[in-house]
>>> print(open('model_27.txt').read())   # compact mmCIF, C-alpha atoms
# COMPACT_ATOMS: atom_id res chain seq x y z
CA MET A 1 9.12 -17.82 13.80
CA ARG A 2 9.42 -21.00 15.80
CA SER A 3 12.43 -19.61 17.74
CA ASN A 4 10.47 -16.46 18.63
CA ARG A 5 7.62 -18.59 19.96
CA ARG A 6 10.09 -20.57 22.05
CA LEU A 7 11.55 -17.38 23.49
CA ARG A 8 8.11 -16.13 24.47
CA TRP A 9 7.25 -19.41 26.16
CA ALA A 10 10.60 -19.34 27.99
CA ALA A 11 10.11 -15.73 29.13
CA ILE A 12 6.67 -16.37 30.69
CA PRO A 13 7.81 -18.73 33.50
CA VAL A 14 10.92 -16.59 34.16
CA ALA A 15 8.79 -13.46 34.54
CA ALA A 16 6.29 -15.30 36.75
CA VAL A 17 9.04 -16.60 39.04
CA MET A 18 10.65 -13.15 39.30
CA ALA A 19 7.32 -11.51 40.13
CA LEU A 20 6.59 -14.13 42.78
CA VAL A 21 10.05 -13.79 44.34
CA LEU A 22 9.96 -9.99 44.44
CA ALA A 23 6.42 -9.94 45.84
CA GLY A 24 7.53 -12.04 48.80
CA CYS A 25 10.64 -9.98 49.57
CA THR A 26 11.04 -8.47 53.01
CA THR A 27 12.35 -4.95 53.58
CA ASP A 28 15.80 -6.35 54.37
CA GLN A 29 15.84 -8.30 51.13
CA LEU A 30 14.65 -5.34 49.06
CA GLN A 31 17.57 -3.27 50.33
CA GLY A 32 20.07 -6.05 49.73
CA TRP A 33 20.49 -7.12 53.38
CA LEU A 34 22.48 -3.97 54.09
CA PRO A 35 22.82 -3.18 57.82
CA THR A 36 20.74 0.00 57.81
CA THR A 37 17.36 1.47 56.94
CA ALA A 38 16.49 3.94 54.20
CA GLY A 39 16.84 7.59 55.14
CA THR A 40 19.44 7.16 57.90
CA THR A 41 21.57 9.84 56.21
CA ASN A 42 21.15 11.85 53.03
CA HIS A 43 23.49 9.43 51.23
CA VAL A 44 22.15 6.07 52.38
CA ASP A 45 19.34 5.79 49.83
CA SER A 46 21.64 6.29 46.84
CA ILE A 47 24.07 3.68 48.20
CA ILE A 48 21.23 1.19 48.69
CA GLY A 49 19.97 1.90 45.18
CA LEU A 50 23.42 1.36 43.64
CA TRP A 51 23.94 -1.87 45.61
CA VAL A 52 20.52 -3.41 44.88
CA THR A 53 20.47 -2.38 41.21
CA SER A 54 23.95 -3.84 40.68
CA TRP A 55 22.88 -7.17 42.16
CA ILE A 56 19.70 -7.26 40.06
CA VAL A 57 21.73 -6.69 36.89
CA LEU A 58 24.28 -9.31 37.92
CA LEU A 59 21.56 -11.86 38.73
CA ILE A 60 19.92 -11.28 35.34
CA VAL A 61 23.28 -11.73 33.62
CA GLY A 62 23.89 -14.86 35.68
CA LEU A 63 20.49 -16.33 34.75
CA ILE A 64 21.12 -15.64 31.06
CA VAL A 65 24.59 -17.20 31.20
CA TRP A 66 23.41 -20.29 33.08
CA GLY A 67 20.43 -20.56 30.76
CA LEU A 68 22.68 -20.51 27.70
CA VAL A 69 25.04 -23.06 29.27
CA ILE A 70 22.20 -25.44 30.13
CA TRP A 71 20.56 -24.90 26.74
CA ALA A 72 23.85 -25.65 24.93
CA CYS A 73 24.37 -28.80 27.04
CA ILE A 74 20.89 -30.05 26.13
CA ALA A 75 20.60 -28.89 22.53
CA TYR A 76 24.06 -30.08 21.49
CA ARG A 77 24.38 -33.19 23.60
CA ARG A 78 25.43 -36.40 21.96
CA ARG A 79 22.32 -38.36 21.13
CA LYS A 80 21.87 -42.09 20.91
CA GLY A 81 23.47 -43.51 17.81
CA GLN A 82 25.69 -40.49 17.14
CA THR A 83 29.43 -40.86 16.81
CA GLY A 84 32.29 -38.46 16.41
CA LEU A 85 32.29 -34.76 17.21
CA PRO A 86 29.26 -32.49 16.69
CA VAL A 87 29.33 -29.78 14.07
CA GLN A 88 31.92 -27.18 15.05
CA LEU A 89 31.07 -23.46 14.82
CA ARG A 90 33.85 -20.96 14.11
CA TYR A 91 34.11 -17.24 13.54
CA ASN A 92 30.51 -16.33 14.31
CA MET A 93 30.99 -12.58 14.12
CA PRO A 94 27.59 -11.51 15.56
CA ILE A 95 28.08 -13.70 18.65
CA GLU A 96 31.67 -12.53 19.14
CA ILE A 97 30.58 -8.89 18.91
CA PHE A 98 27.75 -9.59 21.35
CA TYR A 99 29.90 -11.17 24.08
CA THR A 100 32.51 -8.41 23.66
CA VAL A 101 30.23 -5.38 23.56
CA VAL A 102 27.68 -6.38 26.23
CA PRO A 103 30.25 -6.94 29.03
CA LEU A 104 31.91 -3.66 28.04
CA ILE A 105 28.59 -1.84 28.34
CA LEU A 106 27.95 -3.44 31.74
CA VAL A 107 31.39 -2.46 33.08
CA LEU A 108 31.04 1.11 31.80
CA GLY A 109 27.54 1.30 33.28
CA PHE A 110 28.70 0.12 36.70
CA PHE A 111 31.57 2.60 36.57
CA ALA A 112 29.37 5.52 35.52
CA PHE A 113 26.73 5.03 38.22
CA THR A 114 29.36 4.37 40.89
CA ALA A 115 31.34 7.49 39.91
CA ARG A 116 28.13 9.56 39.93
CA ASP A 117 27.12 8.47 43.44
CA GLN A 118 30.67 8.71 44.77
CA ALA A 119 31.01 12.27 43.46
CA ALA A 120 27.77 13.23 45.22
CA ILE A 121 28.87 11.63 48.50
CA GLU A 122 32.33 13.21 48.39
CA ALA A 123 31.13 16.69 47.39
CA PRO A 124 32.24 19.15 50.11
CA THR A 125 29.60 21.08 52.02
CA ALA A 126 30.34 24.76 51.63
CA SER A 127 29.07 25.89 55.04
CA PRO A 128 28.37 22.86 57.26
CA ASP A 129 26.19 23.36 60.32
CA VAL A 130 28.48 21.16 62.40
CA LYS A 131 32.22 20.56 62.14
CA ILE A 132 33.96 17.85 64.15
CA ASP A 133 37.59 16.78 64.23
CA VAL A 134 37.95 13.04 64.81
CA TYR A 135 41.30 11.69 65.93
CA ALA A 136 41.84 7.95 65.75
CA LYS A 137 44.36 6.46 68.15
CA ARG A 138 45.31 2.99 69.32
CA TRP A 139 42.69 1.95 70.33
CA ALA A 140 40.06 4.65 70.80
CA TRP A 141 38.80 7.99 69.49
CA ASP A 142 38.98 11.68 70.36
CA PHE A 143 36.19 14.01 69.19
CA ASN A 144 36.68 17.77 68.89
CA TYR A 145 33.43 19.73 68.50
CA ILE A 146 34.58 22.85 66.65
CA ASP A 147 32.94 26.20 67.39
CA GLN A 148 33.12 27.77 63.94
CA GLN A 149 32.53 31.27 65.30
CA ASN A 150 35.17 31.15 68.02
CA GLU A 151 37.53 28.18 68.05
CA ASP A 152 38.45 28.90 71.68
CA ASP A 153 34.90 27.90 72.64
CA SER A 154 35.33 24.43 71.14
CA VAL A 155 34.90 21.39 73.37
CA TYR A 156 36.21 17.86 73.18
CA TYR A 157 35.56 14.29 74.25
CA GLN A 158 38.51 11.97 74.96
CA GLY A 159 37.66 8.33 74.44
CA ILE A 160 39.14 5.15 75.83
CA GLN A 161 39.41 1.63 74.47
CA ALA A 162 36.38 -0.62 74.86
CA GLN A 163 36.45 -2.35 78.24
CA GLU A 164 35.90 -6.09 78.26
CA LEU A 165 33.64 -7.74 80.80
CA GLY A 166 34.22 -11.16 82.28
CA ASP A 167 31.46 -12.78 80.21
CA GLY A 168 33.08 -11.90 76.88
CA ASN A 169 30.96 -8.79 76.29
CA ILE A 170 32.05 -5.15 76.52
CA ASP A 171 30.94 -2.34 78.79
CA GLU A 172 28.74 -0.26 76.47
CA SER A 173 28.58 2.60 78.98
CA GLN A 174 32.30 3.32 78.55
CA LEU A 175 32.40 3.36 74.76
CA PRO A 176 33.33 6.69 73.11
CA VAL A 177 30.18 8.45 71.87
CA LEU A 178 29.99 10.91 68.99
CA TYR A 179 26.94 13.20 69.19
CA LEU A 180 25.35 14.62 66.03
CA PRO A 181 22.27 16.84 65.61
CA VAL A 182 19.56 15.40 63.37
CA GLY A 183 18.87 17.21 60.12
CA LYS A 184 22.07 19.27 60.22
CA SER A 185 24.86 19.09 57.66
CA VAL A 186 28.05 17.67 59.16
CA GLU A 187 31.71 17.88 58.17
CA ILE A 188 34.02 15.39 59.86
CA ASP A 189 37.79 15.88 59.59
CA LEU A 190 39.56 12.56 60.05
CA ASN A 191 43.07 12.33 61.49
CA SER A 192 45.28 9.68 63.07
CA ARG A 193 47.58 10.00 66.05
CA ASP A 194 49.67 6.94 65.22
CA VAL A 195 48.92 4.36 62.49
CA ALA A 196 46.32 3.95 59.77
CA HIS A 197 42.78 3.41 61.08
CA SER A 198 39.37 3.59 59.41
CA PHE A 199 36.31 5.50 60.65
CA TRP A 200 33.21 3.39 59.98
CA VAL A 201 29.66 4.06 61.10
CA VAL A 202 27.97 0.84 60.01
CA ASP A 203 24.45 2.20 59.46
CA PHE A 204 25.78 5.13 57.41
CA LEU A 205 27.14 2.65 54.80
CA TYR A 206 30.34 4.62 54.47
CA LYS A 207 33.82 4.50 55.92
CA LYS A 208 37.03 6.37 55.35
CA ASP A 209 40.62 5.83 56.41
CA THR A 210 42.47 7.98 58.91
CA ILE A 211 46.09 8.24 57.75
CA PRO A 212 48.99 9.68 59.75
CA GLY A 213 50.02 13.09 58.41
CA LYS A 214 46.93 13.44 56.22
CA THR A 215 43.41 14.74 56.86
CA ASN A 216 40.45 13.06 55.17
CA TYR A 217 36.92 14.43 55.13
CA MET A 218 33.35 13.15 55.31
CA TYR A 219 30.21 15.17 54.53
CA PHE A 220 26.68 14.02 55.30
CA THR A 221 23.42 14.92 57.02
CA PRO A 222 22.02 12.48 59.61
CA GLU A 223 18.27 12.25 59.08
CA LYS A 224 17.14 9.79 61.77
CA GLU A 225 17.58 9.98 65.52
CA GLY A 226 19.04 6.93 67.20
CA THR A 227 22.21 5.22 68.35
CA PHE A 228 24.43 3.70 65.67
CA THR A 229 27.43 1.39 65.96
CA GLY A 230 30.88 2.53 64.89
CA LYS A 231 34.21 0.77 64.72
CA CYS A 232 37.67 0.86 63.21
CA ALA A 233 37.68 -0.99 59.90
CA GLU A 234 41.45 -1.09 59.38
CA LEU A 235 43.60 -3.69 61.16
CA CYS A 236 45.65 -1.46 63.45
CA GLY A 237 47.21 -3.68 66.07
CA GLU A 238 46.58 -5.96 69.01
CA TYR A 239 43.33 -4.40 70.27
CA HIS A 240 41.85 -3.42 66.91
CA SER A 241 38.66 -5.34 67.74
CA LEU A 242 38.13 -3.12 70.80
CA MET A 243 38.42 0.16 68.88
CA LEU A 244 34.68 0.74 69.04
CA PHE A 245 32.42 3.77 69.42
CA ASN A 246 28.78 4.79 69.13
CA VAL A 247 27.12 7.63 67.26
CA LYS A 248 24.08 9.27 68.83
CA VAL A 249 21.92 11.34 66.50
CA VAL A 250 19.81 13.60 68.70
CA SER A 251 17.70 16.75 68.53
CA GLN A 252 19.42 20.12 68.32
CA SER A 253 18.51 20.97 71.91
CA GLU A 254 19.92 17.68 73.22
CA TYR A 255 23.07 18.24 71.15
CA ASP A 256 23.52 21.73 72.60
CA ASP A 257 22.98 20.38 76.13
CA TYR A 258 25.67 17.76 75.55
CA LEU A 259 28.21 20.36 74.39
CA ALA A 260 27.36 22.47 77.43
CA THR A 261 27.98 19.42 79.65
CA LEU A 262 31.43 18.94 78.11
CA ALA A 263 32.23 22.61 78.79
CA GLN A 264 31.08 22.26 82.41
CA GLN A 265 33.39 19.26 82.80
CA GLY A 266 36.32 21.43 81.73
CA ASN A 267 36.73 19.78 78.32
CA THR A 268 37.27 23.08 76.53
CA GLY A 269 39.70 23.72 73.71
CA LEU A 270 40.99 21.16 71.23
CA LEU A 271 42.85 17.87 71.48
CA GLY A 272 44.96 18.49 68.40
CA ASP A 273 48.09 17.22 66.69
CA GLN A 274 50.21 17.94 69.79
CA TYR A 275 49.01 14.63 71.21
CA ASN A 276 50.06 12.56 68.20
CA THR A 277 52.52 9.80 69.01
CA ASN A 278 54.26 10.08 65.65
CA THR A 279 57.11 12.59 65.83
CA ASN A 280 58.91 11.63 62.64
CA GLU A 281 56.24 12.30 60.03
CA PRO A 282 57.22 14.23 56.87
CA ASN A 283 57.56 18.01 57.42
CA ASN A 284 57.85 17.59 61.21
CA GLU A 285 60.97 19.14 62.71
CA ALA A 286 62.93 17.21 65.29
CA PRO A 287 62.82 18.78 68.75
CA VAL A 288 65.88 20.75 69.78
CA ALA A 289 67.41 20.08 73.20
CA ALA A 290 67.41 22.91 75.70
CA GLY A 291 70.64 24.94 75.59
CA SER A 292 71.54 23.72 72.10
CA ASP A 293 72.93 26.20 69.59
CA GLU A 294 71.19 24.37 66.70
CA LYS A 295 68.68 26.56 64.86
>>> encode(input="model_27.txt", output="structure tokens")
Amino acid sequence: MRSNRRLRWAAIPVAAVMALVLAGCTTDQLQGWLPTTAGTTNHVDSIIGLWVTSWIVLLIVGLIVWGLVIWACIAYRRRKGQTGLPVQLRYNMPIEIFYTVVPLILVLGFFAFTARDQAAIEAPTASPDVKIDVYAKRWAWDFNYIDQQNEDDSVYYQGIQAQELGDGNIDESQLPVLYLPVGKSVEIDLNSRDVAHSFWVVDFLYKKDTIPGKTNYMYFTPEKEGTFTGKCAELCGEYHSLMLFNVKVVSQSEYDDYLATLAQQGNTGLLGDQYNTNTNEPNNEAPVAAGSDEK
């Protein structure tokens, strides 16, 4: 009875402190200081929820563990006049079951919720409104805007490496830009022309590697207009830090106007695998010299 009363008295200040802390949280704090805002894409909210919930659970576990450590240090400290060792506890089966089962439940819980959200994020879109081939290359990006009705009407954008200015900044106007229409489902096919890179749009809270000889895929729907920062997130060589790009989420009409501008500039067709610098990937045949009898 006395221990229950102590627990209640201990819970009151803890609950009061938690309520006070949460009440004073800013928007950034409530979403775990992640570099985005809710609703940027159709997947962002679930990622924020998984991140914040995981930290709340971990903080609660941490408070309980530190509370037990401090309580044990105080309750079982050597008091004045005492000598020798305190009473030793062994083979306390309920406690051993508790500290074995609870961590197991936590690990399984983290795994289950992570697997659920990952499966939803990775689920392919059957008929995406927009399909774009992204080719990573040292140290820039090529974007192919695929016309799903007639591939010959596709257009492309060929990017260059970020250009440094004398003051240590970069020329934002020359960064590669990927245009996306707001509210439309998007499929992005990720390829590499040389080494392993990683396609990362920071505000989308998701990144995926581009691997030579393999195509990876991303599926999402951008839900907010704006300009978002992108970069390579895989160390890929000397100028990895300059492998930057921007993503512009615009209205459908502005998106269509941009594709029309690319067509007017003569950027029609696709910048495909023929521009890859790797010629010795698996399943690639070595070129045959002119006049050779080799078949």
>>> residues_near_point(input="model_27.txt", point="(22.6, 5.4, 57.8)", cutoff="9 Å", atoms="all atoms listed in the file", output="PyMOL selection string")
chain A and resi 35-45+201-206+222-224+228
>>> residues_around(input="model_27.txt", residues="Glu187 (chain A)", least_positions_apart="6", cutoff="10 Å", atoms="all atoms listed in the file", output="number ranges by chain")
A: 124-133, 217-221
>>> closest_residue(input="model_27.txt", among="A:Tyr157, A:Tyr91, A:Tyr135, A:Phe143", to="Gly213 (chain A)", atoms="only C-alpha atoms")
A:Tyr135
>>> atom_distance(input="model_27.txt", atom1="CA of Glu172 (chain A)", atom2="CA of Gly269 (chain A)")
26.5 Å
>>> atom_distance(input="model_27.txt", atom1="CA of Phe199 (chain A)", atom2="CA of Leu108 (chain A)")
29.7 Å
>>> closest_residue(input="model_27.txt", among="A:Val186, A:Val134, A:Leu104, A:Val52", to="Gly32 (chain A)", atoms="only C-alpha atoms")
A:Val52
>>> atom_distance(input="model_27.txt", atom1="CA of Pro212 (chain A)", atom2="CA of His197 (chain A)")
8.9 Å
>>> closest_residue(input="model_27.txt", among="A:Asp209, A:Asp117, A:Asp153, A:Glu122", to="Cys236 (chain A)", atoms="only C-alpha atoms")
A:Asp209
>>> residues_near_point(input="model_27.txt", point="(43.0, 14.7, 58.7)", cutoff="6 Å", atoms="only C-alpha atoms", output="PyMOL selection string")
chain A and resi 189-191+214-216
>>> closest_residue(input="model_27.txt", among="A:Gln274, A:Ala136, A:Phe110, A:Thr261", to="Thr210 (chain A)", atoms="all atoms listed in the file")
A:Ala136
>>> closest_residue(input="model_27.txt", among="A:Thr227, A:Leu242, A:Val182, A:Trp139", to="Asn169 (chain A)", atoms="all atoms listed in the file")
A:Leu242
>>> closest_residue(input="model_27.txt", among="A:Val61, A:Leu244, A:Arg79, A:Tyr255", to="Val102 (chain A)", atoms="only C-alpha atoms")
A:Val61
